[in-house]
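Asks: As input, take run-v2.pdb (PDB, C-alpha atoms and all ligand atoms):
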MODEL        1
ATOM      1  CA  VAL A   1      15.787   2.161  -3.980
ATOM      2  CA  LYS A   2      12.260   3.022  -4.975
ATOM      3  CA  ASP A   3      10.217   5.465  -2.910
ATOM      4  CA  VAL A   4       7.742   2.937  -1.567
ATOM      5  CA  ALA A   5       8.234  -0.716  -0.617
ATOM      6  CA  VAL A   6       5.405  -3.250  -0.408
ATOM      7  CA  TYR A   7       6.013  -6.193   1.910
ATOM      8  CA  TYR A   8       4.249  -9.374   0.842
ATOM      9  CA  HIS A   9       4.741 -13.129   1.252
ATOM     10  CA  PRO A  10       2.761 -15.941  -0.429
ATOM     11  CA  LEU A  11       2.389 -17.676   2.947
ATOM     12  CA  PHE A  12      -0.029 -14.886   3.954
ATOM     13  CA  LEU A  13      -2.559 -16.693   1.732
ATOM     14  CA  LYS A  14      -2.127 -19.918   3.732
ATOM     15  CA  HIS A  15      -3.621 -18.399   6.882
ATOM     16  CA  GLU A  16      -6.931 -20.188   6.216
ATOM     17  CA  THR A  17     -10.076 -18.799   7.803
ATOM     18  CA  GLY A  18     -12.782 -20.513   5.719
ATOM     19  CA  GLU A  19     -16.030 -18.625   5.137
ATOM     20  CA  HIS A  20     -14.894 -15.500   6.903
ATOM     21  CA  PRO A  21     -14.674 -11.821   5.872
ATOM     22  CA  GLU A  22     -10.949 -11.797   6.685
ATOM     23  CA  ASN A  23      -9.795 -14.197   3.978
ATOM     24  CA  LYS A  24      -7.019 -14.523   1.438
ATOM     25  CA  GLN A  25      -9.051 -12.914  -1.386
ATOM     26  CA  ARG A  26      -8.325  -9.571   0.255
ATOM     27  CA  LEU A  27      -4.596  -9.863  -0.408
ATOM     28  CA  VAL A  28      -5.032 -11.533  -3.797
ATOM     29  CA  ALA A  29      -7.113  -8.559  -4.980
ATOM     30  CA  ALA A  30      -4.819  -5.940  -3.465
ATOM     31  CA  ARG A  31      -1.640  -7.459  -4.880
ATOM     32  CA  GLN A  32      -3.185  -7.714  -8.346
ATOM     33  CA  ALA A  33      -4.434  -4.121  -8.228
ATOM     34  CA  ILE A  34      -0.935  -2.890  -7.392
ATOM     35  CA  LEU A  35       0.581  -4.983 -10.203
ATOM     36  CA  ASP A  36      -2.055  -3.690 -12.649
ATOM     37  CA  SER A  37      -1.444  -0.059 -11.653
ATOM     38  CA  ASP A  38       1.185   2.307 -13.020
ATOM     39  CA  LEU A  39       2.911   2.334  -9.612
ATOM     40  CA  ASN A  40       6.568   1.393  -9.510
ATOM     41  CA  VAL A  41       6.939  -0.089  -6.036
ATOM     42  CA  GLU A  42       9.662  -2.290  -4.618
ATOM     43  CA  TRP A  43       8.290  -5.709  -3.623
ATOM     44  CA  VAL A  44       9.984  -7.111  -0.519
ATOM     45  CA  THR A  45       9.644 -10.685   0.775
ATOM     46  CA  PRO A  46       9.968 -10.517   4.569
ATOM     47  CA  GLU A  47      11.705 -12.872   6.985
ATOM     48  CA  PRO A  48       9.819 -14.198  10.020
ATOM     49  CA  ALA A  49      10.037 -12.268  13.278
ATOM     50  CA  SER A  50      11.851 -14.027  16.103
ATOM     51  CA  VAL A  51       9.888 -15.174  19.142
ATOM     52  CA  GLU A  52      11.968 -12.667  21.138
ATOM     53  CA  ALA A  53      10.672  -9.816  18.964
ATOM     54  CA  ILE A  54       7.055 -10.977  19.399
ATOM     55  CA  ALA A  55       7.631 -11.372  23.153
ATOM     56  CA  ARG A  56       8.352  -7.641  23.504
ATOM     57  CA  ILE A  57       4.561  -7.275  23.224
ATOM     58  CA  HIS A  58       3.010 -10.702  23.804
ATOM     59  CA  GLU A  59       3.165 -13.097  26.743
ATOM     60  CA  ARG A  60       5.174 -16.258  26.088
ATOM     61  CA  THR A  61       2.252 -18.470  27.133
ATOM     62  CA  TYR A  62       0.061 -16.803  24.500
ATOM     63  CA  ILE A  63       2.717 -17.177  21.783
ATOM     64  CA  ASP A  64       2.948 -20.877  22.721
ATOM     65  CA  THR A  65      -0.832 -21.181  22.460
ATOM     66  CA  VAL A  66      -0.848 -19.819  18.893
ATOM     67  CA  ARG A  67       2.006 -22.151  17.911
ATOM     68  CA  SER A  68       0.526 -25.262  19.490
ATOM     69  CA  THR A  69      -2.945 -24.528  18.086
ATOM     70  CA  ALA A  70      -1.463 -24.258  14.585
ATOM     71  CA  GLN A  71       0.716 -27.344  15.017
ATOM     72  CA  GLY A  72      -2.272 -29.264  16.337
ATOM     73  CA  GLY A  73      -4.138 -28.710  13.064
ATOM     74  CA  GLY A  74      -5.802 -25.393  13.854
ATOM     75  CA  GLY A  75      -8.690 -24.078  15.903
ATOM     76  CA  TRP A  76     -10.276 -20.869  17.151
ATOM     77  CA  LEU A  77      -8.803 -18.394  19.670
ATOM     78  CA  ASP A  78     -12.233 -16.829  20.109
ATOM     79  CA  TRP A  79     -15.487 -16.967  18.169
ATOM     80  CA  ASP A  80     -14.095 -15.011  15.205
ATOM     81  CA  THR A  81     -10.325 -15.551  15.332
ATOM     82  CA  ALA A  82      -9.187 -18.607  13.391
ATOM     83  CA  VAL A  83      -5.846 -20.422  13.509
ATOM     84  CA  SER A  84      -4.980 -22.825  10.673
ATOM     85  CA  PRO A  85      -1.902 -25.077  10.380
ATOM     86  CA  ASP A  86       0.137 -22.331   8.622
ATOM     87  CA  SER A  87      -1.194 -19.411  10.683
ATOM     88  CA  TYR A  88       1.656 -19.300  13.178
ATOM     89  CA  ASP A  89       4.262 -19.047  10.426
ATOM     90  CA  ALA A  90       2.156 -16.496   8.530
ATOM     91  CA  ALA A  91       1.794 -14.409  11.692
ATOM     92  CA  LEU A  92       5.553 -14.455  12.302
ATOM     93  CA  LEU A  93       6.097 -13.265   8.714
ATOM     94  CA  ALA A  94       3.465 -10.523   9.075
ATOM     95  CA  ALA A  95       5.248  -9.194  12.159
ATOM     96  CA  GLY A  96       8.643  -9.712  10.507
ATOM     97  CA  ALA A  97       7.635  -7.396   7.661
ATOM     98  CA  GLY A  98       7.258  -4.539  10.098
ATOM     99  CA  LEU A  99      10.628  -5.205  11.728
ATOM    100  CA  GLU A 100      12.414  -5.128   8.388
ATOM    101  CA  ALA A 101      10.541  -2.006   7.327
ATOM    102  CA  VAL A 102      11.605  -0.243  10.543
ATOM    103  CA  GLU A 103      15.246  -1.139   9.885
ATOM    104  CA  ARG A 104      15.072   0.029   6.284
ATOM    105  CA  SER A 105      13.214   3.200   7.072
ATOM    106  CA  LEU A 106      15.635   4.213   9.832
ATOM    107  CA  ALA A 107      18.554   3.525   7.467
ATOM    108  CA  ASP A 108      17.361   5.214   4.278
ATOM    109  CA  GLY A 109      13.963   6.758   4.966
ATOM    110  CA  GLN A 110      12.016   4.354   2.799
ATOM    111  CA  ARG A 111       8.242   4.398   3.211
ATOM    112  CA  ALA A 112       6.465   1.075   3.168
ATOM    113  CA  PHE A 113       3.126  -0.692   3.023
ATOM    114  CA  MET A 114       2.762  -3.998   4.879
ATOM    115  CA  LEU A 115       0.421  -6.036   2.652
ATOM    116  CA  VAL A 116       0.072  -8.662   5.359
ATOM    117  CA  ARG A 117      -2.373 -10.954   7.107
ATOM    118  CA  PRO A 118      -3.314 -11.979   9.711
ATOM    119  CA  PRO A 119      -3.933  -8.386  10.789
ATOM    120  CA  GLY A 120      -2.798  -7.188  14.203
ATOM    121  CA  HIS A 121      -4.313  -4.175  15.972
ATOM    122  CA  HIS A 122      -6.825  -6.101  18.130
ATOM    123  CA  ALA A 123      -4.208  -8.575  19.396
ATOM    124  CA  CYS A 124      -3.561  -7.856  23.090
ATOM    125  CA  PRO A 125      -0.454  -8.838  25.060
ATOM    126  CA  GLY A 126      -2.127 -11.956  26.463
ATOM    127  CA  LYS A 127      -4.693 -12.904  23.831
ATOM    128  CA  GLY A 128      -5.607 -12.799  20.182
ATOM    129  CA  MET A 129      -9.007 -11.501  19.122
ATOM    130  CA  GLY A 130     -10.858  -9.802  16.291
ATOM    131  CA  PHE A 131      -9.141 -11.767  13.468
ATOM    132  CA  CYS A 132      -5.710 -10.750  14.876
ATOM    133  CA  LEU A 133      -2.973 -13.098  16.167
ATOM    134  CA  PHE A 134       0.147 -10.975  16.804
ATOM    135  CA  ASN A 135       0.044  -7.179  16.945
ATOM    136  CA  ASN A 136       2.272  -6.402  13.969
ATOM    137  CA  ILE A 137       2.397  -2.637  14.466
ATOM    138  CA  ALA A 138       3.013  -2.868  18.227
ATOM    139  CA  VAL A 139       5.815  -5.387  17.671
ATOM    140  CA  ALA A 140       7.391  -2.976  15.162
ATOM    141  CA  ALA A 141       7.097  -0.030  17.562
ATOM    142  CA  ALA A 142       8.589  -2.061  20.426
ATOM    143  CA  HIS A 143      11.499  -3.077  18.198
ATOM    144  CA  ALA A 144      12.194   0.559  17.338
ATOM    145  CA  LEU A 145      12.090   1.537  21.020
ATOM    146  CA  GLU A 146      13.948  -1.402  22.579
ATOM    147  CA  GLU A 147      16.379  -2.433  19.818
ATOM    148  CA  ARG A 148      17.048   0.874  18.093
ATOM    149  CA  GLY A 149      16.745   3.159  21.091
ATOM    150  CA  LEU A 150      14.075   5.453  19.688
ATOM    151  CA  GLU A 151      12.339   7.626  22.261
ATOM    152  CA  ARG A 152       9.205   8.722  20.413
ATOM    153  CA  VAL A 153       6.992   6.693  18.066
ATOM    154  CA  MET A 154       3.616   7.907  16.761
ATOM    155  CA  ILE A 155       0.920   5.458  15.682
ATOM    156  CA  VAL A 156      -2.149   6.623  13.738
ATOM    157  CA  ASP A 157      -4.954   4.021  13.494
ATOM    158  CA  TRP A 158      -7.692   4.735  10.938
ATOM    159  CA  ASP A 159      -9.412   1.321  10.967
ATOM    160  CA  VAL A 160     -13.179   1.545  11.627
ATOM    161  CA  HIS A 161     -12.612  -0.510  14.797
ATOM    162  CA  HIS A 162     -10.691   0.759  17.806
ATOM    163  CA  GLY A 163      -7.088  -0.510  17.987
ATOM    164  CA  ASN A 164      -7.530  -1.898  21.488
ATOM    165  CA  GLY A 165      -4.511  -4.214  21.344
ATOM    166  CA  THR A 166      -2.159  -1.393  20.422
ATOM    167  CA  GLN A 167      -3.669   0.841  23.095
ATOM    168  CA  ASP A 168      -3.231  -1.911  25.717
ATOM    169  CA  ALA A 169       0.400  -2.487  24.743
ATOM    170  CA  PHE A 170       1.374   1.166  25.225
ATOM    171  CA  TYR A 171      -1.286   2.541  27.589
ATOM    172  CA  ASP A 172       1.220   3.718  30.191
ATOM    173  CA  ASP A 173       4.210   4.265  27.886
ATOM    174  CA  PRO A 174       4.983   7.948  27.209
ATOM    175  CA  ARG A 175       7.259   6.964  24.310
ATOM    176  CA  VAL A 176       4.277   6.047  22.116
ATOM    177  CA  LEU A 177       1.607   8.521  20.987
ATOM    178  CA  PHE A 178      -1.404   6.512  19.790
ATOM    179  CA  VAL A 179      -4.177   8.279  17.858
ATOM    180  CA  SER A 180      -7.190   6.164  16.859
ATOM    181  CA  ILE A 181     -10.061   7.384  14.675
ATOM    182  CA  HIS A 182     -12.883   4.836  14.720
ATOM    183  CA  GLN A 183     -16.621   4.258  14.927
ATOM    184  CA  GLY A 184     -17.616   4.664  18.570
ATOM    185  CA  GLY A 185     -19.588   1.925  20.301
ATOM    186  CA  HIS A 186     -18.574  -0.554  17.620
ATOM    187  CA  TYR A 187     -16.408  -3.679  18.110
ATOM    188  CA  PRO A 188     -14.477  -4.134  20.414
ATOM    189  CA  GLY A 189     -16.279  -1.562  22.601
ATOM    190  CA  THR A 190     -13.218   0.374  23.779
ATOM    191  CA  GLY A 191     -11.846   3.640  22.409
ATOM    192  CA  ARG A 192     -13.766   6.214  24.381
ATOM    193  CA  THR A 193     -12.376   9.750  24.659
ATOM    194  CA  GLY A 194     -11.710   9.272  28.390
ATOM    195  CA  GLU A 195      -9.178   6.509  27.659
ATOM    196  CA  SER A 196      -6.208   8.868  27.405
ATOM    197  CA  GLY A 197      -3.213   7.007  28.835
ATOM    198  CA  GLY A 198      -1.970   5.832  32.239
ATOM    199  CA  GLU A 199      -0.474   7.935  35.019
ATOM    200  CA  ARG A 200       2.994   7.993  33.508
ATOM    201  CA  ALA A 201       1.675   8.705  30.024
ATOM    202  CA  ALA A 202      -1.351  10.945  30.397
ATOM    203  CA  GLY A 203      -2.422  12.271  27.009
ATOM    204  CA  SER A 204      -0.446   9.677  25.032
ATOM    205  CA  ILE A 205      -3.651   7.882  23.975
ATOM    206  CA  VAL A 206      -6.008   9.952  21.823
ATOM    207  CA  ASN A 207      -9.328   8.387  20.834
ATOM    208  CA  ILE A 208     -11.685   9.967  18.304
ATOM    209  CA  PRO A 209     -14.921   7.954  18.277
ATOM    210  CA  LEU A 210     -17.176   8.934  15.370
ATOM    211  CA  HIS A 211     -20.842   8.218  14.782
ATOM    212  CA  GLY A 212     -22.131   5.998  11.990
ATOM    213  CA  GLY A 213     -22.671   7.892   8.729
ATOM    214  CA  GLU A 214     -19.768  10.277   9.278
ATOM    215  CA  GLY A 215     -16.959  10.392   6.773
ATOM    216  CA  ASP A 216     -14.344  12.501   5.034
ATOM    217  CA  GLY A 217     -15.161  15.714   6.903
ATOM    218  CA  ALA A 218     -14.261  14.020  10.184
ATOM    219  CA  VAL A 219     -10.988  12.777   8.728
ATOM    220  CA  LEU A 220     -10.090  16.214   7.445
ATOM    221  CA  MET A 221     -10.853  17.940  10.740
ATOM    222  CA  THR A 222      -9.094  15.274  12.837
ATOM    223  CA  PHE A 223      -5.915  15.582  10.804
ATOM    224  CA  GLU A 224      -5.936  19.378  10.810
ATOM    225  CA  SER A 225      -7.028  19.921  14.437
ATOM    226  CA  LEU A 226      -5.439  16.957  16.223
ATOM    227  CA  VAL A 227      -2.951  14.859  14.267
ATOM    228  CA  THR A 228      -0.948  17.787  12.904
ATOM    229  CA  PRO A 229      -0.510  19.818  16.132
ATOM    230  CA  LEU A 230       0.160  16.668  18.172
ATOM    231  CA  ALA A 231       2.831  15.472  15.727
ATOM    232  CA  ARG A 232       4.503  18.888  15.724
ATOM    233  CA  ALA A 233       4.577  18.928  19.545
ATOM    234  CA  PHE A 234       5.533  15.253  20.061
ATOM    235  CA  ARG A 235       8.094  15.179  17.234
ATOM    236  CA  PRO A 236       8.026  11.420  16.590
ATOM    237  CA  GLN A 237      11.165   9.759  15.236
ATOM    238  CA  LEU A 238       9.024   7.126  13.513
ATOM    239  CA  MET A 239       5.498   7.305  12.070
ATOM    240  CA  LEU A 240       3.427   4.097  11.943
ATOM    241  CA  VAL A 241      -0.088   3.645  10.587
ATOM    242  CA  SER A 242      -2.732   0.968  11.220
ATOM    243  CA  ALA A 243      -4.589   1.196   7.923
ATOM    244  CA  GLY A 244      -8.000  -0.399   7.930
ATOM    245  CA  TYR A 245     -10.164   0.008   4.845
ATOM    246  CA  ASP A 246     -13.378  -0.902   6.685
ATOM    247  CA  PRO A 247     -14.318   2.768   7.335
ATOM    248  CA  GLN A 248     -14.827   3.112   3.570
ATOM    249  CA  GLU A 249     -18.399   3.713   2.451
ATOM    250  CA  GLY A 250     -19.978   0.354   1.587
ATOM    251  CA  ASP A 251     -17.872  -1.876   3.802
ATOM    252  CA  PRO A 252     -20.150  -4.447   5.472
ATOM    253  CA  LEU A 253     -18.287  -4.382   8.801
ATOM    254  CA  GLY A 254     -18.452  -0.644   9.430
ATOM    255  CA  GLY A 255     -20.784   2.310   9.262
ATOM    256  CA  LEU A 256     -18.475   5.180   8.328
ATOM    257  CA  ARG A 257     -18.315   6.690   4.846
ATOM    258  CA  TYR A 258     -14.728   7.479   3.858
ATOM    259  CA  SER A 259     -14.024   7.919   0.158
ATOM    260  CA  GLU A 260     -11.106   6.355  -1.706
ATOM    261  CA  ALA A 261      -9.522   9.822  -1.946
ATOM    262  CA  ALA A 262      -9.524  10.114   1.849
ATOM    263  CA  PHE A 263      -7.022   7.291   2.158
ATOM    264  CA  GLN A 264      -4.660   8.903  -0.335
ATOM    265  CA  TRP A 265      -5.020  12.232   1.428
ATOM    266  CA  MET A 266      -4.371  10.740   4.881
ATOM    267  CA  ALA A 267      -1.260   8.917   3.629
ATOM    268  CA  ALA A 268       0.048  12.009   1.838
ATOM    269  CA  SER A 269      -0.631  14.152   4.906
ATOM    270  CA  LEU A 270       1.387  11.787   7.085
ATOM    271  CA  VAL A 271       4.235  11.825   4.535
ATOM    272  CA  ARG A 272       4.306  15.611   4.730
ATOM    273  CA  LEU A 273       4.131  15.632   8.535
ATOM    274  CA  SER A 274       6.853  12.989   8.846
ATOM    275  CA  GLU A 275       9.145  15.034   6.626
ATOM    276  CA  GLU A 276       8.384  18.167   8.604
ATOM    277  CA  VAL A 277       9.209  16.663  12.016
ATOM    278  CA  GLY A 278      12.021  14.410  10.771
ATOM    279  CA  ALA A 279      10.264  11.087  11.410
ATOM    280  CA  ALA A 280      11.119   7.884   9.542
ATOM    281  CA  GLY A 281       8.212   6.340   7.639
ATOM    282  CA  PRO A 282       5.300   6.405   7.345
ATOM    283  CA  LEU A 283       5.140   2.611   7.611
ATOM    284  CA  VAL A 284       1.606   1.489   6.884
ATOM    285  CA  PHE A 285       0.197  -1.804   8.210
ATOM    286  CA  LEU A 286      -2.885  -3.379   6.636
ATOM    287  CA  GLU A 287      -5.583  -4.108   9.206
ATOM    288  CA  GLY A 288      -9.257  -4.473   8.118
ATOM    289  CA  GLY A 289     -11.193  -3.900   4.886
ATOM    290  CA  TYR A 290     -13.734  -6.453   3.687
ATOM    291  CA  VAL A 291     -14.761  -5.656   0.118
ATOM    292  CA  PRO A 292     -11.644  -6.912  -1.669
ATOM    293  CA  ALA A 293     -11.965  -4.895  -4.900
ATOM    294  CA  MET A 294     -12.841  -1.677  -3.085
ATOM    295  CA  MET A 295     -10.067  -2.168  -0.532
ATOM    296  CA  ALA A 296      -7.588  -2.930  -3.300
ATOM    297  CA  ALA A 297      -8.350   0.349  -5.083
ATOM    298  CA  SER A 298      -7.968   2.275  -1.836
ATOM    299  CA  ILE A 299      -4.644   0.570  -1.106
ATOM    300  CA  VAL A 300      -3.407   1.730  -4.518
ATOM    301  CA  ALA A 301      -4.611   5.220  -3.567
ATOM    302  CA  THR A 302      -2.722   4.940  -0.266
ATOM    303  CA  LEU A 303       0.453   4.018  -2.145
ATOM    304  CA  ARG A 304       0.009   7.093  -4.337
ATOM    305  CA  GLY A 305      -0.231   9.148  -1.174
ATOM    306  CA  LEU A 306       2.893   7.473   0.239
ATOM    307  CA  GLY A 307       4.638   8.406  -2.984
ATOM    308  CA  GLY A 308       3.872  12.043  -2.174
ATOM    309  CA  ASP A 309       0.976  12.506  -4.585
ATOM    310  CA  ILE A 310      -1.440  14.778  -2.668
ATOM    311  CA  PRO A 311      -5.010  14.750  -4.032
ATOM    312  CA  ASP A 312      -7.363  17.692  -4.012
ATOM    313  CA  PHE A 313      -9.396  17.174  -0.891
ATOM    314  CA  GLU A 314     -12.029  19.799  -0.236
ATOM    315  CA  ARG A 315     -14.595  18.396   2.153
ATOM    316  CA  ALA A 316     -17.288  20.078   4.208
ATOM    317  CA  VAL A 317     -17.301  19.159   7.883
ATOM    318  CA  THR A 318     -20.807  18.403   9.189
ATOM    319  CA  GLU A 319     -22.023  19.583  12.587
ATOM    320  CA  ASP A 320     -22.001  16.022  13.910
ATOM    321  CA  GLU A 321     -18.432  15.458  12.721
ATOM    322  CA  ARG A 322     -17.303  18.726  14.264
ATOM    323  CA  ALA A 323     -18.936  17.835  17.590
ATOM    324  CA  ASP A 324     -17.197  14.453  17.737
ATOM    325  CA  VAL A 325     -13.747  15.831  16.958
ATOM    326  CA  LEU A 326     -14.175  18.720  19.413
ATOM    327  CA  GLU A 327     -15.170  16.265  22.144
ATOM    328  CA  ALA A 328     -12.009  14.258  21.498
ATOM    329  CA  ILE A 329      -9.908  17.428  21.652
ATOM    330  CA  GLU A 330     -11.513  18.490  24.955
ATOM    331  CA  ALA A 331     -10.665  15.122  26.505
ATOM    332  CA  VAL A 332      -6.918  15.407  25.906
ATOM    333  CA  LYS A 333      -6.522  19.182  25.916
ATOM    334  CA  PRO A 334      -5.476  19.334  29.624
ATOM    335  CA  HIS A 335      -2.505  17.078  28.764
ATOM    336  CA  TRP A 336      -1.444  19.164  25.759
ATOM    337  CA  LYS A 337      -1.408  22.693  27.114
ATOM    338  CA  GLY A 338      -0.534  25.243  24.488
ATOM    339  CA  VAL A 339      -0.715  22.619  21.733
ATOM    340  CA  LEU A 340      -4.460  22.040  21.263
TER     341      LEU A 340
HETATM  342 ZN    ZN B 401     -11.434  -3.137  11.443
ENDMDL
END
As structure tokens, what does this structure read like?
Replies:
Amino acid sequence: VKDVAVYYHPLFLKHETGEHPENKQRLVAARQAILDSDLNVEWVTPEPASVEAIARIHERTYIDTVRSTAQGGGGWLDWDTAVSPDSYDAALLAAGAGLEAVERSLADGQRAFMLVRPPGHHACPGKGMGFCLFNNIAVAAAHALEERGLERVMIVDWDVHHGNGTQDAFYDDPRVLFVSIHQGGHYPGTGRTGESGGERAAGSIVNIPLHGGEGDGAVLMTFESLVTPLARAFRPQLMLVSAGYDPQEGDPLGGLRYSEAAFQWMAASLVRLSEEVGAAGPLVFLEGGYVPAMMAASIVATLRGLGGDIPDFERAVTEDERADVLEAIEAVKPHWKGVL
């Protein structure tokens, strides 16, 4: 067994979106970059998720809508979320990758990268949106909780957009700690610091909205001041990551400025934290990222981080970055007494 598995299926390329930033070239470029690298990963071809597994997160009527839209030749779930004839099958495979990775990781500790599309973190229980059909990472977390009896799962979301679908799925579930670092005020409009979990799960949702132009300093401070102490206190049994590459400097769909090294550092940091607290994973799910070549290079960097290769990462934190992270800490501090 190699250290890191990459889950990929050729049907992911058959989820046709036309002239759209979320298109198959993203995966074509990423797969080629991994093959061209010196990385020695294990390629895994996933099986489709069952409807029962999807239904742990999504309403049956919504699952039926995705299937019938695909079978009817395709269409649009909203103004930017396309369904093509093969999209339903591709979406089941994308979710299936996460289920298999959870099983493998709980059995032998293997870390994995889900090189999948359609992406998932905007998909809500009752509707798809934001290029996402089924919420792959939420389906994986629900499987770990309901099928494998885990009691604590941590999800870190570093896509430039807020992971509203994942937040919705677990808003009042104390078994899931969801930490999202994103550009505030950007699509889909949620992800404010005050959204911190329901009555039964106060403090289980941690949102860190950043301002446009911020970058690696914010990442560094968030990991050191929030992610690390929260993980040590929560002690997750499984670590999941929604990895978007749209906060990278130069991505047309975001205004943050992460460097390629930041992705490697974040992945390596989560490897170290997972080992420290005894969590399986990290299992990393591809979400956004819209400059294929740039995203591909950063995915290779992420895989290096998952392999345990920690880059030098000295970054100054700007005053604006510090203010944003401190505001996020203040919002959840009452729920984490003695931790933050
Ligand atoms: Zn995104």
Asks: For a quick check of understanding, using only C-alpha atoms, which of A:Val156, A:Val66, A:Leu240, A:Val325 has the smallest distance to A:Pro209?
Replies: A:Val325
Asks: For the PyMOL selection byres (((not hetatm)) within 7 of (chain B and resi 401)), applied here, can you spell out every residue it catches as a ChimeraX atom specification?
Replies: /A:159-161,244,246,287-289
Asks: Could you check which of A:Lys127, A:His143, A:His58, A:His122 is closest to A:Ala101, using all atoms listed in the file?
Replies: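 Closest to A:Ala101, using all atoms listed in the file: A:His143.
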Asks: Interatomic distance between atom CA of A:Leu13 and atom CA of A:Leu27?
Replies: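 According to the coordinates, atom CA of A:Leu13 and atom CA of A:Leu27 are separated by 7.4 Å.
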Asks: Translate the PyMOL selection byres (((chain A and resi 205) around 10) and not hetatm), as applied to the file shown, into an explicit residue set as a PyMOL selection string.
Replies: chain A and resi 155+167-168+170-174+176-180+191+193-198+201-204+206-207+332
Asks: Taking the file as I've supplied it (selection: the PyMOL selection byres (((chain A and resi 62) around 10) and not hetatm)), which residues are included? Please answer as a list in words.
Replies: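 Applied to this file, the PyMOL selection byres (((chain A and resi 62) around 10) and not hetatm) selects Ala55, His58, Glu59, Arg60, Thr61, Ile63, Asp64, Thr65, Val66, Arg67, Ser68, Cys124, Pro125, Gly126, Lys127, Gly128, Leu133 and Phe134 of chain A.
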Asks: Identify which of the residues A:Leu306, A:Ala323, A:Ala261, A:Ala297 lies closest to A:Ala33, counting all atoms listed in the file when measuring atom-to-atom distances.
Replies: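 Looking only at the distances to A:Ala33, the closest residue turns out to be A:Ala297.
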Asks: What lies within 7 Å of A:Ala82 using only C-alpha atoms, ignoring chain neighbours under 4 positions off, as number ranges by chain?
Replies: A: 17, 75-77, 131
Asks: Padding 5 Å on every side, please: axis-aligned box over the listed atoms of stretch 140-159 of chain A, centre and edge lengths to one decimal in Å, as lines of an AutoDock Vina configuration file.
Replies:
center_x = 3.8
center_y = 2.8
center_z = 16.8
size_x = 36.5
size_y = 21.8
size_z = 21.6
